>>> print(open('input-v3.txt').read())   # compact mmCIF, C-alpha atoms
# COMPACT_ATOMS: atom_id res chain seq x y z
CA MET A 20 17.21 3.39 -97.18
CA ALA A 21 19.08 1.26 -94.62
CA PHE A 22 18.93 -2.51 -94.49
CA MET A 23 19.83 -4.75 -91.56
CA VAL A 24 22.15 -7.63 -92.39
CA ARG A 25 21.38 -10.63 -90.23
CA ARG A 26 23.93 -13.45 -89.87
CA PHE A 27 22.44 -16.94 -89.89
CA TYR A 28 24.01 -19.88 -88.08
CA SER A 29 23.47 -23.58 -88.34
CA SER A 30 21.47 -25.08 -85.49
CA VAL A 31 24.45 -27.37 -84.85
CA ILE A 32 27.71 -25.91 -83.51
CA GLU A 33 30.82 -28.09 -83.66
CA LYS A 34 32.95 -27.97 -80.52
CA THR A 35 36.51 -29.20 -80.23
CA VAL A 36 39.35 -29.06 -77.69
CA MET A 37 42.88 -28.51 -78.97
CA ILE A 38 45.94 -29.07 -76.76
CA SER A 39 49.22 -27.50 -77.83
CA ARG A 40 52.33 -29.69 -77.58
CA SER A 41 54.54 -26.60 -77.40
CA THR A 42 55.68 -24.90 -74.19
CA ASP A 43 57.22 -21.95 -76.03
CA VAL A 44 55.31 -18.73 -75.31
CA PHE A 45 55.94 -17.24 -78.75
CA GLU A 46 54.81 -20.40 -80.53
CA ASN A 47 51.63 -20.60 -78.45
CA LEU A 48 50.77 -16.92 -78.86
CA ALA A 49 51.41 -17.24 -82.60
CA LEU A 50 49.18 -20.34 -82.76
CA GLU A 51 46.43 -18.51 -80.92
CA HIS A 52 46.66 -15.56 -83.31
CA TRP A 53 46.75 -17.87 -86.34
CA TYR A 54 43.46 -19.47 -85.30
CA TYR A 55 41.95 -16.04 -84.67
CA ARG A 56 43.07 -14.73 -88.05
CA HIS A 57 42.46 -17.75 -90.30
CA SER A 58 39.71 -19.94 -88.81
CA ASP A 59 36.01 -19.91 -89.61
CA PHE A 60 34.05 -20.00 -86.35
CA THR A 61 30.65 -19.42 -87.94
CA ASN A 62 29.41 -22.85 -86.86
CA LYS A 63 32.35 -23.96 -84.77
CA ASN A 64 33.63 -23.23 -81.25
CA MET A 65 37.07 -24.22 -80.05
CA LEU A 66 38.95 -24.38 -76.76
CA LEU A 67 42.74 -24.20 -76.98
CA LEU A 68 44.69 -25.41 -73.93
CA TRP A 69 48.36 -24.49 -73.60
CA VAL A 70 51.17 -24.37 -71.05
CA ASN A 71 54.34 -22.26 -71.23
CA SER A 72 57.74 -22.54 -69.62
CA ASN A 73 58.82 -19.57 -67.46
CA CYS A 74 57.86 -16.24 -69.00
CA VAL A 75 56.02 -12.98 -68.39
CA VAL A 76 53.25 -11.93 -70.77
CA ILE A 77 52.22 -8.28 -70.87
CA GLY A 78 49.02 -6.86 -72.35
CA ARG A 79 48.93 -5.24 -75.78
CA HIS A 80 48.88 -1.69 -74.38
CA GLN A 81 51.35 -2.07 -71.51
CA ASN A 82 54.85 -0.87 -70.65
CA PRO A 83 57.23 -3.80 -69.94
CA TRP A 84 59.65 -1.61 -67.98
CA LEU A 85 56.84 -0.55 -65.67
CA GLU A 86 55.29 -4.00 -65.29
CA VAL A 87 58.34 -6.26 -64.95
CA ASN A 88 61.26 -6.16 -62.53
CA PHE A 89 64.18 -6.85 -64.85
CA ASP A 90 66.84 -9.01 -63.23
CA PRO A 91 70.04 -9.56 -65.26
CA ALA A 92 70.57 -12.84 -63.38
CA THR A 93 67.22 -14.18 -64.56
CA ASP A 94 66.95 -15.64 -68.06
CA LEU A 95 63.43 -14.37 -68.52
CA ARG A 96 61.34 -14.35 -71.68
CA ILE A 97 58.99 -11.39 -72.01
CA ALA A 98 56.14 -11.53 -74.52
CA ARG A 99 53.45 -9.06 -75.56
CA ARG A 100 50.07 -10.58 -76.43
CA ASN A 101 47.43 -9.25 -78.82
CA SER A 102 44.73 -8.80 -76.20
CA GLY A 103 44.51 -6.01 -73.64
CA GLY A 104 44.54 -6.36 -69.87
CA GLY A 105 47.33 -6.79 -67.35
CA THR A 106 50.60 -8.66 -66.95
CA VAL A 107 50.72 -12.35 -66.01
CA PHE A 108 53.42 -14.85 -65.11
CA HIS A 109 53.44 -18.26 -66.79
CA ASP A 110 55.27 -21.42 -65.88
CA ASP A 111 54.63 -25.14 -66.37
CA GLU A 112 52.17 -25.17 -63.46
CA ASN A 113 49.88 -22.53 -64.96
CA LEU A 114 47.19 -23.53 -67.45
CA ASN A 115 46.19 -21.16 -70.26
CA LEU A 116 42.80 -21.46 -71.92
CA THR A 117 41.58 -19.72 -75.07
CA PHE A 118 37.88 -19.90 -76.01
CA PHE A 119 37.29 -19.13 -79.71
CA THR A 120 33.87 -18.24 -81.14
CA ASN A 121 32.28 -16.03 -83.73
CA ARG A 122 31.98 -12.47 -82.36
CA ASP A 123 28.17 -12.63 -82.44
CA ILE A 124 28.01 -15.46 -79.89
CA TYR A 125 30.96 -14.42 -77.71
CA ASN A 126 30.12 -15.15 -74.06
CA ARG A 127 32.95 -14.70 -71.57
CA LYS A 128 30.81 -15.35 -68.50
CA GLN A 129 29.74 -18.74 -69.86
CA ASN A 130 33.37 -19.71 -70.42
CA LEU A 131 34.31 -18.83 -66.86
CA GLU A 132 31.33 -20.76 -65.52
CA ILE A 133 32.70 -23.89 -67.22
CA ILE A 134 35.88 -23.55 -65.16
CA VAL A 135 33.99 -22.78 -61.94
CA GLU A 136 31.73 -25.82 -62.42
CA THR A 137 34.68 -28.09 -63.17
CA LEU A 138 36.58 -27.09 -60.04
CA LYS A 139 33.48 -27.68 -57.91
CA SER A 140 32.50 -31.04 -59.41
CA GLU A 141 35.99 -32.54 -59.66
CA TRP A 142 37.78 -31.22 -56.58
CA ASN A 143 35.06 -29.59 -54.46
CA ILE A 144 36.81 -26.22 -54.84
CA VAL A 145 34.27 -23.42 -54.48
CA THR A 146 35.07 -20.32 -56.54
CA GLU A 147 33.21 -17.33 -57.89
CA ILE A 148 33.44 -14.83 -60.72
CA ASN A 149 33.96 -11.27 -59.48
CA LYS A 150 33.02 -7.96 -61.14
CA ARG A 151 36.33 -7.87 -63.02
CA GLU A 152 35.51 -11.36 -64.29
CA ASP A 153 38.44 -12.92 -62.46
CA ILE A 154 37.86 -16.26 -60.78
CA VAL A 155 38.45 -15.89 -57.05
CA ILE A 156 38.30 -17.88 -53.83
CA ASP A 157 36.74 -16.41 -50.66
CA ASN A 158 35.98 -13.27 -52.70
CA LYS A 159 39.64 -12.31 -52.34
CA TYR A 160 42.25 -14.70 -53.70
CA LYS A 161 42.63 -14.70 -57.46
CA ILE A 162 43.27 -17.98 -59.24
CA SER A 163 42.44 -16.84 -62.78
CA GLY A 164 42.78 -13.61 -64.73
CA THR A 165 41.02 -12.93 -68.00
CA ALA A 166 41.38 -10.91 -71.22
CA SER A 167 39.89 -10.93 -74.70
CA LYS A 168 40.20 -9.86 -78.32
CA LEU A 169 37.02 -8.94 -80.13
CA GLY A 170 37.18 -8.59 -83.88
CA ARG A 171 35.09 -9.37 -86.93
CA PRO A 172 34.13 -12.04 -87.54
CA ASN A 173 36.10 -13.87 -84.84
CA ALA A 174 36.65 -13.30 -81.13
CA TYR A 175 38.42 -15.04 -78.31
CA HIS A 176 38.52 -14.95 -74.55
CA HIS A 177 41.59 -16.30 -72.80
CA CYS A 178 42.48 -16.76 -69.18
CA THR A 179 45.08 -18.23 -66.85
CA LEU A 180 44.54 -20.81 -64.13
CA LEU A 181 47.10 -21.08 -61.34
CA VAL A 182 47.65 -24.73 -60.48
CA ASN A 183 50.97 -24.83 -58.63
CA CYS A 184 53.00 -21.99 -60.09
CA ASN A 185 56.17 -20.57 -58.54
CA ARG A 186 54.54 -17.78 -56.53
CA GLU A 187 57.86 -16.52 -55.14
CA LEU A 188 59.33 -16.01 -58.61
CA MET A 189 56.06 -14.49 -59.81
CA SER A 190 56.08 -12.02 -56.92
CA ASN A 191 59.73 -11.06 -57.48
CA LEU A 192 59.10 -10.40 -61.16
CA LEU A 193 55.80 -8.55 -60.87
CA ARG A 194 55.94 -6.85 -57.45
CA LYS A 195 55.27 -3.13 -57.87
CA HIS A 196 58.15 -0.70 -57.24
CA GLU A 197 58.38 3.03 -57.81
CA LYS A 198 60.09 3.39 -61.18
CA ASN A 199 59.45 7.08 -61.87
CA ILE A 200 57.64 6.33 -65.12
CA GLU A 201 54.85 8.56 -66.42
CA THR A 202 52.63 6.93 -69.02
CA ASN A 203 49.09 6.40 -70.26
CA ALA A 204 49.78 2.70 -70.77
CA THR A 205 47.46 0.17 -69.14
CA VAL A 206 48.68 -0.55 -65.60
CA SER A 207 48.18 -3.95 -64.01
CA VAL A 208 46.01 -4.26 -60.90
CA THR A 209 47.78 -6.04 -58.06
CA SER A 210 45.86 -8.99 -56.55
CA ASP A 211 46.40 -11.59 -53.86
CA VAL A 212 46.73 -14.98 -55.54
CA LEU A 213 46.47 -18.64 -54.60
CA ASN A 214 47.39 -21.87 -56.32
CA LEU A 215 44.67 -24.49 -56.68
CA THR A 216 46.99 -27.00 -54.98
CA GLN A 217 46.86 -24.86 -51.85
CA ILE A 218 43.16 -25.65 -51.69
CA ASN A 219 43.33 -29.25 -52.88
CA ASN A 220 46.70 -30.89 -53.45
CA LYS A 221 45.20 -33.47 -55.81
CA VAL A 222 44.77 -30.91 -58.59
CA CYS A 223 47.25 -31.40 -61.45
CA ILE A 224 47.64 -29.88 -64.92
CA ASN A 225 46.85 -33.01 -66.96
CA ARG A 226 43.71 -33.92 -65.09
CA LEU A 227 42.61 -30.29 -65.11
CA MET A 228 42.92 -30.10 -68.90
CA THR A 229 40.87 -33.27 -69.28
CA ALA A 230 38.19 -32.19 -66.82
CA ILE A 231 37.74 -28.70 -68.23
CA GLY A 232 37.80 -30.03 -71.77
CA LEU A 233 35.04 -32.54 -71.04
CA GLN A 234 32.94 -29.92 -69.27
CA TYR A 235 33.40 -27.59 -72.24
CA LEU A 236 32.32 -30.25 -74.74
CA LYS A 237 29.15 -31.12 -72.85
CA THR A 238 28.10 -27.54 -72.11
CA VAL A 239 25.09 -26.62 -74.26
CA GLY A 240 24.59 -23.00 -75.27
CA ASP A 241 21.86 -21.63 -77.51
CA SER A 242 22.50 -24.26 -80.20
CA THR A 243 22.84 -28.02 -80.43
CA THR A 244 26.48 -29.10 -80.26
CA ALA A 245 28.38 -31.77 -82.15
CA ASN A 246 31.48 -32.72 -80.19
CA GLN A 247 34.70 -33.30 -82.08
CA GLY A 248 36.63 -34.40 -78.99
CA PHE A 249 40.25 -33.73 -78.05
CA ASN A 250 43.13 -33.19 -80.46
CA TYR A 251 46.83 -32.44 -79.94
CA VAL A 252 48.46 -29.84 -82.14
CA THR A 253 52.09 -28.94 -82.87
CA PRO A 254 52.49 -25.31 -83.94
CA ASN A 255 54.58 -25.13 -87.12
CA GLU A 256 54.68 -23.61 -90.59
CA GLN A 257 53.80 -26.83 -92.37
CA THR A 258 50.49 -27.26 -90.56
CA PHE A 259 49.70 -23.56 -90.28
CA PRO A 260 50.91 -21.63 -93.36
CA GLY A 261 52.03 -18.16 -92.30
CA PHE A 262 52.78 -19.32 -88.75
CA ASN A 263 56.49 -18.41 -88.87
CA GLU A 264 55.70 -14.84 -89.90
CA ILE A 265 53.41 -14.41 -86.90
CA LYS A 266 55.91 -16.02 -84.51
CA ASN A 267 58.78 -13.89 -85.79
CA GLU A 268 56.74 -10.76 -85.19
CA MET A 269 55.83 -11.92 -81.68
CA GLU A 270 59.53 -12.46 -80.89
CA SER A 271 60.72 -9.19 -82.41
CA TRP A 272 61.98 -6.23 -80.38
CA GLU A 273 59.64 -4.02 -82.39
CA TRP A 274 56.56 -5.89 -81.10
CA ARG A 275 57.62 -6.63 -77.53
CA TYR A 276 59.22 -3.25 -76.75
CA GLY A 277 58.64 -0.96 -79.73
CA ARG A 278 54.85 -1.15 -79.29
CA THR A 279 55.11 0.39 -75.82
CA PRO A 280 52.97 3.54 -75.47
CA LYS A 281 54.98 6.75 -75.17
CA PHE A 282 56.39 7.41 -71.70
CA ASN A 283 58.78 9.57 -69.67
CA ILE A 284 61.15 8.13 -67.10
CA THR A 285 63.01 10.19 -64.52
CA VAL A 286 66.47 8.97 -63.53
CA LYS A 287 67.63 10.30 -60.15
CA CYS A 288 71.00 10.19 -58.38
CA ASN A 289 72.59 12.46 -55.75
CA GLU A 290 69.73 14.97 -55.97
CA LEU A 291 70.27 15.24 -59.72
CA SER A 292 67.74 14.10 -62.26
CA VAL A 293 67.41 13.34 -65.95
CA ILE A 294 64.13 12.89 -67.84
CA LEU A 295 64.09 10.55 -70.81
CA SER A 296 61.21 10.75 -73.29
CA VAL A 297 60.68 7.40 -75.01
CA LYS A 298 58.49 6.77 -78.05
CA ASN A 299 58.13 3.36 -79.73
CA GLY A 300 60.86 2.12 -77.41
CA ILE A 301 63.34 4.71 -78.73
CA ILE A 302 64.75 7.59 -76.65
CA GLU A 303 63.67 10.73 -78.49
CA ASN A 304 64.69 13.37 -75.97
CA VAL A 305 66.88 13.81 -72.88
CA ALA A 306 66.15 16.72 -70.53
CA THR A 307 68.44 17.72 -67.66
CA ALA A 308 69.73 20.78 -65.81
CA CYS A 309 73.00 19.00 -65.15
CA ASN A 310 76.21 20.27 -66.72
CA VAL A 311 76.71 17.14 -68.77
CA SER A 312 75.89 16.13 -72.34
CA LEU A 313 73.61 13.13 -72.68
CA ASN A 314 72.67 13.58 -76.33
CA ASN A 315 74.48 10.36 -77.20
CA PHE A 316 71.46 8.49 -75.76
CA VAL A 317 69.02 10.10 -78.21
CA ASN A 318 67.73 7.70 -80.91
CA GLU A 319 68.98 4.70 -78.92
CA LYS A 320 66.75 1.80 -77.89
CA PHE A 321 65.66 2.21 -74.29
CA ASN A 322 66.51 -0.46 -71.71
CA MET A 323 67.33 -0.58 -68.02
CA ASN A 324 71.08 -0.60 -68.78
CA VAL A 325 70.64 2.97 -70.06
CA VAL A 326 69.19 3.96 -66.69
CA GLU A 327 72.15 2.45 -64.84
CA GLU A 328 74.62 4.10 -67.21
CA ILE A 329 73.04 7.52 -66.64
CA LYS A 330 73.12 6.98 -62.88
CA GLN A 331 76.84 6.28 -63.06
CA LEU A 332 77.38 9.50 -65.04
CA LEU A 333 75.40 11.51 -62.49
CA LYS A 334 77.59 10.15 -59.71
CA THR A 335 80.61 11.79 -61.35
CA ILE A 336 79.06 15.27 -61.29
CA LYS A 337 80.17 17.47 -58.43
CA MET A 338 77.40 19.43 -56.74
>>> encode(input="input-v3.txt", output="structure tokens")
Amino acid sequence: MAFMVRRFYSSVIEKTVMISRSTDVFENLALEHWYYRHSDFTNKNMLLLWVNSNCVVIGRHQNPWLEVNFDPATDLRIARRNSGGGTVFHDDENLNLTFFTNRDIYNRKQNLEIIVETLKSEWNIVTEINKREDIVIDNKYKISGTASKLGRPNAYHHCTLLVNCNRELMSNLLRKHEKNIETNATVSVTSDVLNLTQINNKVCINRLMTAIGLQYLKTVGDSTTANQGFNYVTPNEQTFPGFNEIKNEMESWEWRYGRTPKFNITVKCNELSVILSVKNGIIENVATACNVSLNNFVNEKFNMNVVEEIKQLLKTIKM
């Protein structure tokens, strides 16, 4: 005989806004995951606001070598987040928002409507939520992308909000090029983007955090809310036991590159080609019809320097 287990919630839901003092992508992603893993959101909702210095953040199931244009001259930090979805560029003029709730009351559309309402009421910027649940202007220009992690008992929805980010650098890093990679990894969808300052130059990060935070605190869902206001937080081990372990994993090669879904990459030069099979970021096989031994690359960590090295070897082969 089967029984249905029904979860009961208090009629009062506490709501609070947390603002991270860190601008380090690995610290902020670790903080986000710590809250997801250790907090009790049964009768509490939370909005975490955070800003990172220059970095690229790929989705959990993505291939960094496919998504990012690696430039040796650019000191770029690449992070892999725990949620799915596509690749995004962060800098200090991009606001990140994470909405935490219990899984049973997760409501991504309601979160996005808070942002839409804030932009309209504070700056008279008219936006809409499209079918992909991006926030767009004129049904075309994307200002916010969204992703989520749904577990038990907790869930979160997070999104970006382009305020005045470096669009040229973002384009150079994320512009799609043919890279001869075959994979089942999630591939980002290219979109036209706009900064909010291109619509209204009075928008700024600090005021945006305050305005969205206030709108979030006063938004009433299915339950009565008890507002706990704004609080600043510094991500560290002392305040969040186990934080360093999460951060170290986020920074590790094994997480950022080793978690890449299996892929093949074809290296071509002078009508010659080599196919590398890569699993968990490690080259497990090299296939070529060329009269040259490339077995020394097997069991090595894959990176774009390997591609350039193979190209140089192919140049030495006489046709």
>>> atom_distance(input="input-v3.txt", atom1="atom CA of Asp123 of chain A", atom2="atom CA of Ser167 of chain A")
14.1 Å
>>> closest_residue(input="input-v3.txt", among="A:Asn250, A:Ser292, A:Gln217, A:Asn71", to="Asn113 of chain A", atoms="only C-alpha atoms")
A:Asn71
>>> closest_residue(input="input-v3.txt", among="A:Ala308, A:Ile156, A:Ala49, A:Leu193", to="Trp69 of chain A", atoms="all atoms listed in the file")
A:Ala49
>>> closest_residue(input="input-v3.txt", among="A:Asn121, A:Asn88, A:Asn173, A:Thr165", to="Asn191 of chain A", atoms="all atoms listed in the file")
A:Asn88
>>> residues_around(input="input-v3.txt", residues="Leu181 of chain A", least_positions_apart="5", cutoff="8 Å", atoms="all atoms listed in the file", output="VMD selection string")
chain A and resid 112 to 114 162 to 163 213 to 215
>>> residues_around(input="input-v3.txt", residues="Gly105 of chain A", least_positions_apart="5", cutoff="8 Å", atoms="all atoms listed in the file", output="list in words")
Ile77, Gly78, Gln81, Thr205, Val206, Ser207 and Val208 of chain A
>>> closest_residue(input="input-v3.txt", among="A:Leu313, A:Met65, A:Ile301, A:Val44", to="Trp272 of chain A", atoms="all atoms listed in the file")
A:Ile301
>>> closest_residue(input="input-v3.txt", among="A:Ala174, A:Met37, A:Leu50, A:Val70", to="Asn263 of chain A", atoms="only C-alpha atoms")
A:Leu50
>>> residues_around(input="input-v3.txt", residues="Tyr160 of chain A", least_positions_apart="6", cutoff="10 Å", atoms="only C-alpha atoms", output="ChimeraX atom specification")
/A:146,153-154,210-214
>>> decode(input="input-v3.txt", residues="segment 48-60 of chain A", atoms="all heavy atoms", output="PDB file, in the first residue's frame")
ATOM      1  N   LEU A  48      31.239  31.071  -6.635  1.00  0.00           N
ATOM      2  CA  LEU A  48      30.603  29.803  -7.004  1.00  0.00           C
ATOM      3  C   LEU A  48      30.620  28.824  -5.835  1.00  0.00           C
ATOM      4  O   LEU A  48      29.659  28.069  -5.625  1.00  0.00           O
ATOM      5  CB  LEU A  48      31.311  29.189  -8.214  1.00  0.00           C
ATOM      6  CG  LEU A  48      31.064  29.865  -9.560  1.00  0.00           C
ATOM      7  CD1 LEU A  48      31.938  29.238 -10.638  1.00  0.00           C
ATOM      8  CD2 LEU A  48      29.593  29.785  -9.966  1.00  0.00           C
ATOM      9  N   ALA A  49      31.702  28.845  -5.058  1.00  0.00           N
ATOM     10  CA  ALA A  49      31.773  27.974  -3.882  1.00  0.00           C
ATOM     11  C   ALA A  49      30.765  28.404  -2.823  1.00  0.00           C
ATOM     12  O   ALA A  49      30.124  27.561  -2.173  1.00  0.00           O
ATOM     13  CB  ALA A  49      33.189  27.991  -3.305  1.00  0.00           C
ATOM     14  N   LEU A  50      30.596  29.714  -2.644  1.00  0.00           N
ATOM     15  CA  LEU A  50      29.604  30.224  -1.692  1.00  0.00           C
ATOM     16  C   LEU A  50      28.204  29.796  -2.116  1.00  0.00           C
ATOM     17  O   LEU A  50      27.401  29.330  -1.288  1.00  0.00           O
ATOM     18  CB  LEU A  50      29.693  31.739  -1.617  1.00  0.00           C
ATOM     19  CG  LEU A  50      28.652  32.445  -0.742  1.00  0.00           C
ATOM     20  CD1 LEU A  50      28.829  32.050   0.724  1.00  0.00           C
ATOM     21  CD2 LEU A  50      28.756  33.964  -0.910  1.00  0.00           C
ATOM     22  N   GLU A  51      27.916  29.967  -3.382  1.00  0.00           N
ATOM     23  CA  GLU A  51      26.615  29.564  -3.909  1.00  0.00           C
ATOM     24  C   GLU A  51      26.365  28.081  -3.644  1.00  0.00           C
ATOM     25  O   GLU A  51      25.276  27.676  -3.191  1.00  0.00           O
ATOM     26  CB  GLU A  51      26.572  29.848  -5.414  1.00  0.00           C
ATOM     27  CG  GLU A  51      25.283  29.467  -6.112  1.00  0.00           C
ATOM     28  CD  GLU A  51      25.365  29.736  -7.602  1.00  0.00           C
ATOM     29  OE1 GLU A  51      26.201  29.076  -8.292  1.00  0.00           O
ATOM     30  OE2 GLU A  51      24.610  30.579  -8.103  1.00  0.00           O
ATOM     31  N   HIS A  52      27.356  27.245  -3.904  1.00  0.00           N
ATOM     32  CA  HIS A  52      27.180  25.807  -3.710  1.00  0.00           C
ATOM     33  C   HIS A  52      27.083  25.462  -2.222  1.00  0.00           C
ATOM     34  O   HIS A  52      26.363  24.520  -1.841  1.00  0.00           O
ATOM     35  CB  HIS A  52      28.330  25.036  -4.363  1.00  0.00           C
ATOM     36  CG  HIS A  52      28.078  23.571  -4.478  1.00  0.00           C
ATOM     37  ND1 HIS A  52      27.018  23.055  -5.181  1.00  0.00           N
ATOM     38  CD2 HIS A  52      28.727  22.497  -3.952  1.00  0.00           C
ATOM     39  CE1 HIS A  52      27.026  21.730  -5.109  1.00  0.00           C
ATOM     40  NE2 HIS A  52      28.050  21.374  -4.354  1.00  0.00           N
ATOM     41  N   TRP A  53      27.793  26.204  -1.380  1.00  0.00           N
ATOM     42  CA  TRP A  53      27.707  25.961   0.060  1.00  0.00           C
ATOM     43  C   TRP A  53      26.278  26.204   0.550  1.00  0.00           C
ATOM     44  O   TRP A  53      25.733  25.393   1.302  1.00  0.00           O
ATOM     45  CB  TRP A  53      28.685  26.866   0.813  1.00  0.00           C
ATOM     46  CG  TRP A  53      28.857  26.488   2.260  1.00  0.00           C
ATOM     47  CD1 TRP A  53      29.842  25.725   2.809  1.00  0.00           C
ATOM     48  CD2 TRP A  53      27.977  26.854   3.348  1.00  0.00           C
ATOM     49  NE1 TRP A  53      29.645  25.581   4.157  1.00  0.00           N
ATOM     50  CE2 TRP A  53      28.509  26.255   4.520  1.00  0.00           C
ATOM     51  CE3 TRP A  53      26.816  27.597   3.450  1.00  0.00           C
ATOM     52  CZ2 TRP A  53      27.905  26.398   5.770  1.00  0.00           C
ATOM     53  CZ3 TRP A  53      26.201  27.737   4.692  1.00  0.00           C
ATOM     54  CH2 TRP A  53      26.749  27.145   5.832  1.00  0.00           C
ATOM     55  N   TYR A  54      25.695  27.310   0.144  1.00  0.00           N
ATOM     56  CA  TYR A  54      24.310  27.592   0.535  1.00  0.00           C
ATOM     57  C   TYR A  54      23.371  26.499   0.044  1.00  0.00           C
ATOM     58  O   TYR A  54      22.481  26.045   0.771  1.00  0.00           O
ATOM     59  CB  TYR A  54      23.857  28.939  -0.034  1.00  0.00           C
ATOM     60  CG  TYR A  54      24.315  30.153   0.736  1.00  0.00           C
ATOM     61  CD1 TYR A  54      24.961  31.204   0.091  1.00  0.00           C
ATOM     62  CD2 TYR A  54      24.078  30.278   2.101  1.00  0.00           C
ATOM     63  CE1 TYR A  54      25.363  32.331   0.787  1.00  0.00           C
ATOM     64  CE2 TYR A  54      24.477  31.408   2.805  1.00  0.00           C
ATOM     65  CZ  TYR A  54      25.120  32.423   2.149  1.00  0.00           C
ATOM     66  OH  TYR A  54      25.520  33.534   2.834  1.00  0.00           O
ATOM     67  N   TYR A  55      23.566  26.081  -1.193  1.00  0.00           N
ATOM     68  CA  TYR A  55      22.712  25.036  -1.775  1.00  0.00           C
ATOM     69  C   TYR A  55      22.834  23.728  -0.994  1.00  0.00           C
ATOM     70  O   TYR A  55      21.838  23.047  -0.732  1.00  0.00           O
ATOM     71  CB  TYR A  55      23.124  24.815  -3.235  1.00  0.00           C
ATOM     72  CG  TYR A  55      22.516  23.602  -3.888  1.00  0.00           C
ATOM     73  CD1 TYR A  55      21.202  23.595  -4.322  1.00  0.00           C
ATOM     74  CD2 TYR A  55      23.282  22.441  -4.072  1.00  0.00           C
ATOM     75  CE1 TYR A  55      20.648  22.468  -4.925  1.00  0.00           C
ATOM     76  CE2 TYR A  55      22.742  21.319  -4.669  1.00  0.00           C
ATOM     77  CZ  TYR A  55      21.419  21.340  -5.091  1.00  0.00           C
ATOM     78  OH  TYR A  55      20.885  20.220  -5.681  1.00  0.00           O
ATOM     79  N   ARG A  56      24.053  23.394  -0.591  1.00  0.00           N
ATOM     80  CA  ARG A  56      24.309  22.116   0.057  1.00  0.00           C
ATOM     81  C   ARG A  56      23.943  22.112   1.542  1.00  0.00           C
ATOM     82  O   ARG A  56      23.484  21.101   2.067  1.00  0.00           O
ATOM     83  CB  ARG A  56      25.786  21.752  -0.108  1.00  0.00           C
ATOM     84  CG  ARG A  56      26.177  20.418   0.505  1.00  0.00           C
ATOM     85  CD  ARG A  56      27.663  20.178   0.398  1.00  0.00           C
ATOM     86  NE  ARG A  56      28.095  19.943  -0.959  1.00  0.00           N
ATOM     87  CZ  ARG A  56      29.372  19.765  -1.301  1.00  0.00           C
ATOM     88  NH1 ARG A  56      30.323  19.829  -0.378  1.00  0.00           N
ATOM     89  NH2 ARG A  56      29.697  19.538  -2.556  1.00  0.00           N
ATOM     90  N   HIS A  57      24.120  23.238   2.236  1.00  0.00           N
ATOM     91  CA  HIS A  57      24.040  23.236   3.694  1.00  0.00           C
ATOM     92  C   HIS A  57      22.862  24.013   4.287  1.00  0.00           C
ATOM     93  O   HIS A  57      22.620  23.905   5.492  1.00  0.00           O
ATOM     94  CB  HIS A  57      25.334  23.800   4.283  1.00  0.00           C
ATOM     95  CG  HIS A  57      26.546  22.972   3.989  1.00  0.00           C
ATOM     96  ND1 HIS A  57      26.748  21.735   4.545  1.00  0.00           N
ATOM     97  CD2 HIS A  57      27.609  23.211   3.171  1.00  0.00           C
ATOM     98  CE1 HIS A  57      27.899  21.241   4.097  1.00  0.00           C
ATOM     99  NE2 HIS A  57      28.432  22.100   3.269  1.00  0.00           N
ATOM    100  N   SER A  58      22.162  24.812   3.521  1.00  0.00           N
ATOM    101  CA  SER A  58      21.105  25.654   4.091  1.00  0.00           C
ATOM    102  C   SER A  58      19.755  24.945   4.118  1.00  0.00           C
ATOM    103  O   SER A  58      19.486  24.052   3.313  1.00  0.00           O
ATOM    104  CB  SER A  58      20.980  26.961   3.293  1.00  0.00           C
ATOM    105  OG  SER A  58      22.172  27.714   3.386  1.00  0.00           O
ATOM    106  N   ASP A  59      18.931  25.376   5.050  1.00  0.00           N
ATOM    107  CA  ASP A  59      17.561  24.870   5.152  1.00  0.00           C
ATOM    108  C   ASP A  59      16.612  25.936   4.620  1.00  0.00           C
ATOM    109  O   ASP A  59      16.414  26.982   5.232  1.00  0.00           O
ATOM    110  CB  ASP A  59      17.230  24.559   6.619  1.00  0.00           C
ATOM    111  CG  ASP A  59      15.817  24.005   6.793  1.00  0.00           C
ATOM    112  OD1 ASP A  59      15.111  23.845   5.783  1.00  0.00           O
ATOM    113  OD2 ASP A  59      15.426  23.744   7.948  1.00  0.00           O
ATOM    114  N   PHE A  60      16.058  25.693   3.445  1.00  0.00           N
ATOM    115  CA  PHE A  60      15.154  26.652   2.815  1.00  0.00           C
ATOM    116  C   PHE A  60      13.690  26.220   2.940  1.00  0.00           C
ATOM    117  O   PHE A  60      12.855  26.607   2.130  1.00  0.00           O
ATOM    118  CB  PHE A  60      15.522  26.842   1.341  1.00  0.00           C
ATOM    119  CG  PHE A  60      16.857  27.517   1.145  1.00  0.00           C
ATOM    120  CD1 PHE A  60      17.931  26.819   0.614  1.00  0.00           C
ATOM    121  CD2 PHE A  60      17.033  28.837   1.511  1.00  0.00           C
ATOM    122  CE1 PHE A  60      19.162  27.428   0.434  1.00  0.00           C
ATOM    123  CE2 PHE A  60      18.254  29.454   1.342  1.00  0.00           C
ATOM    124  CZ  PHE A  60      19.329  28.755   0.806  1.00  0.00           C
TER     125      PHE A  60
END
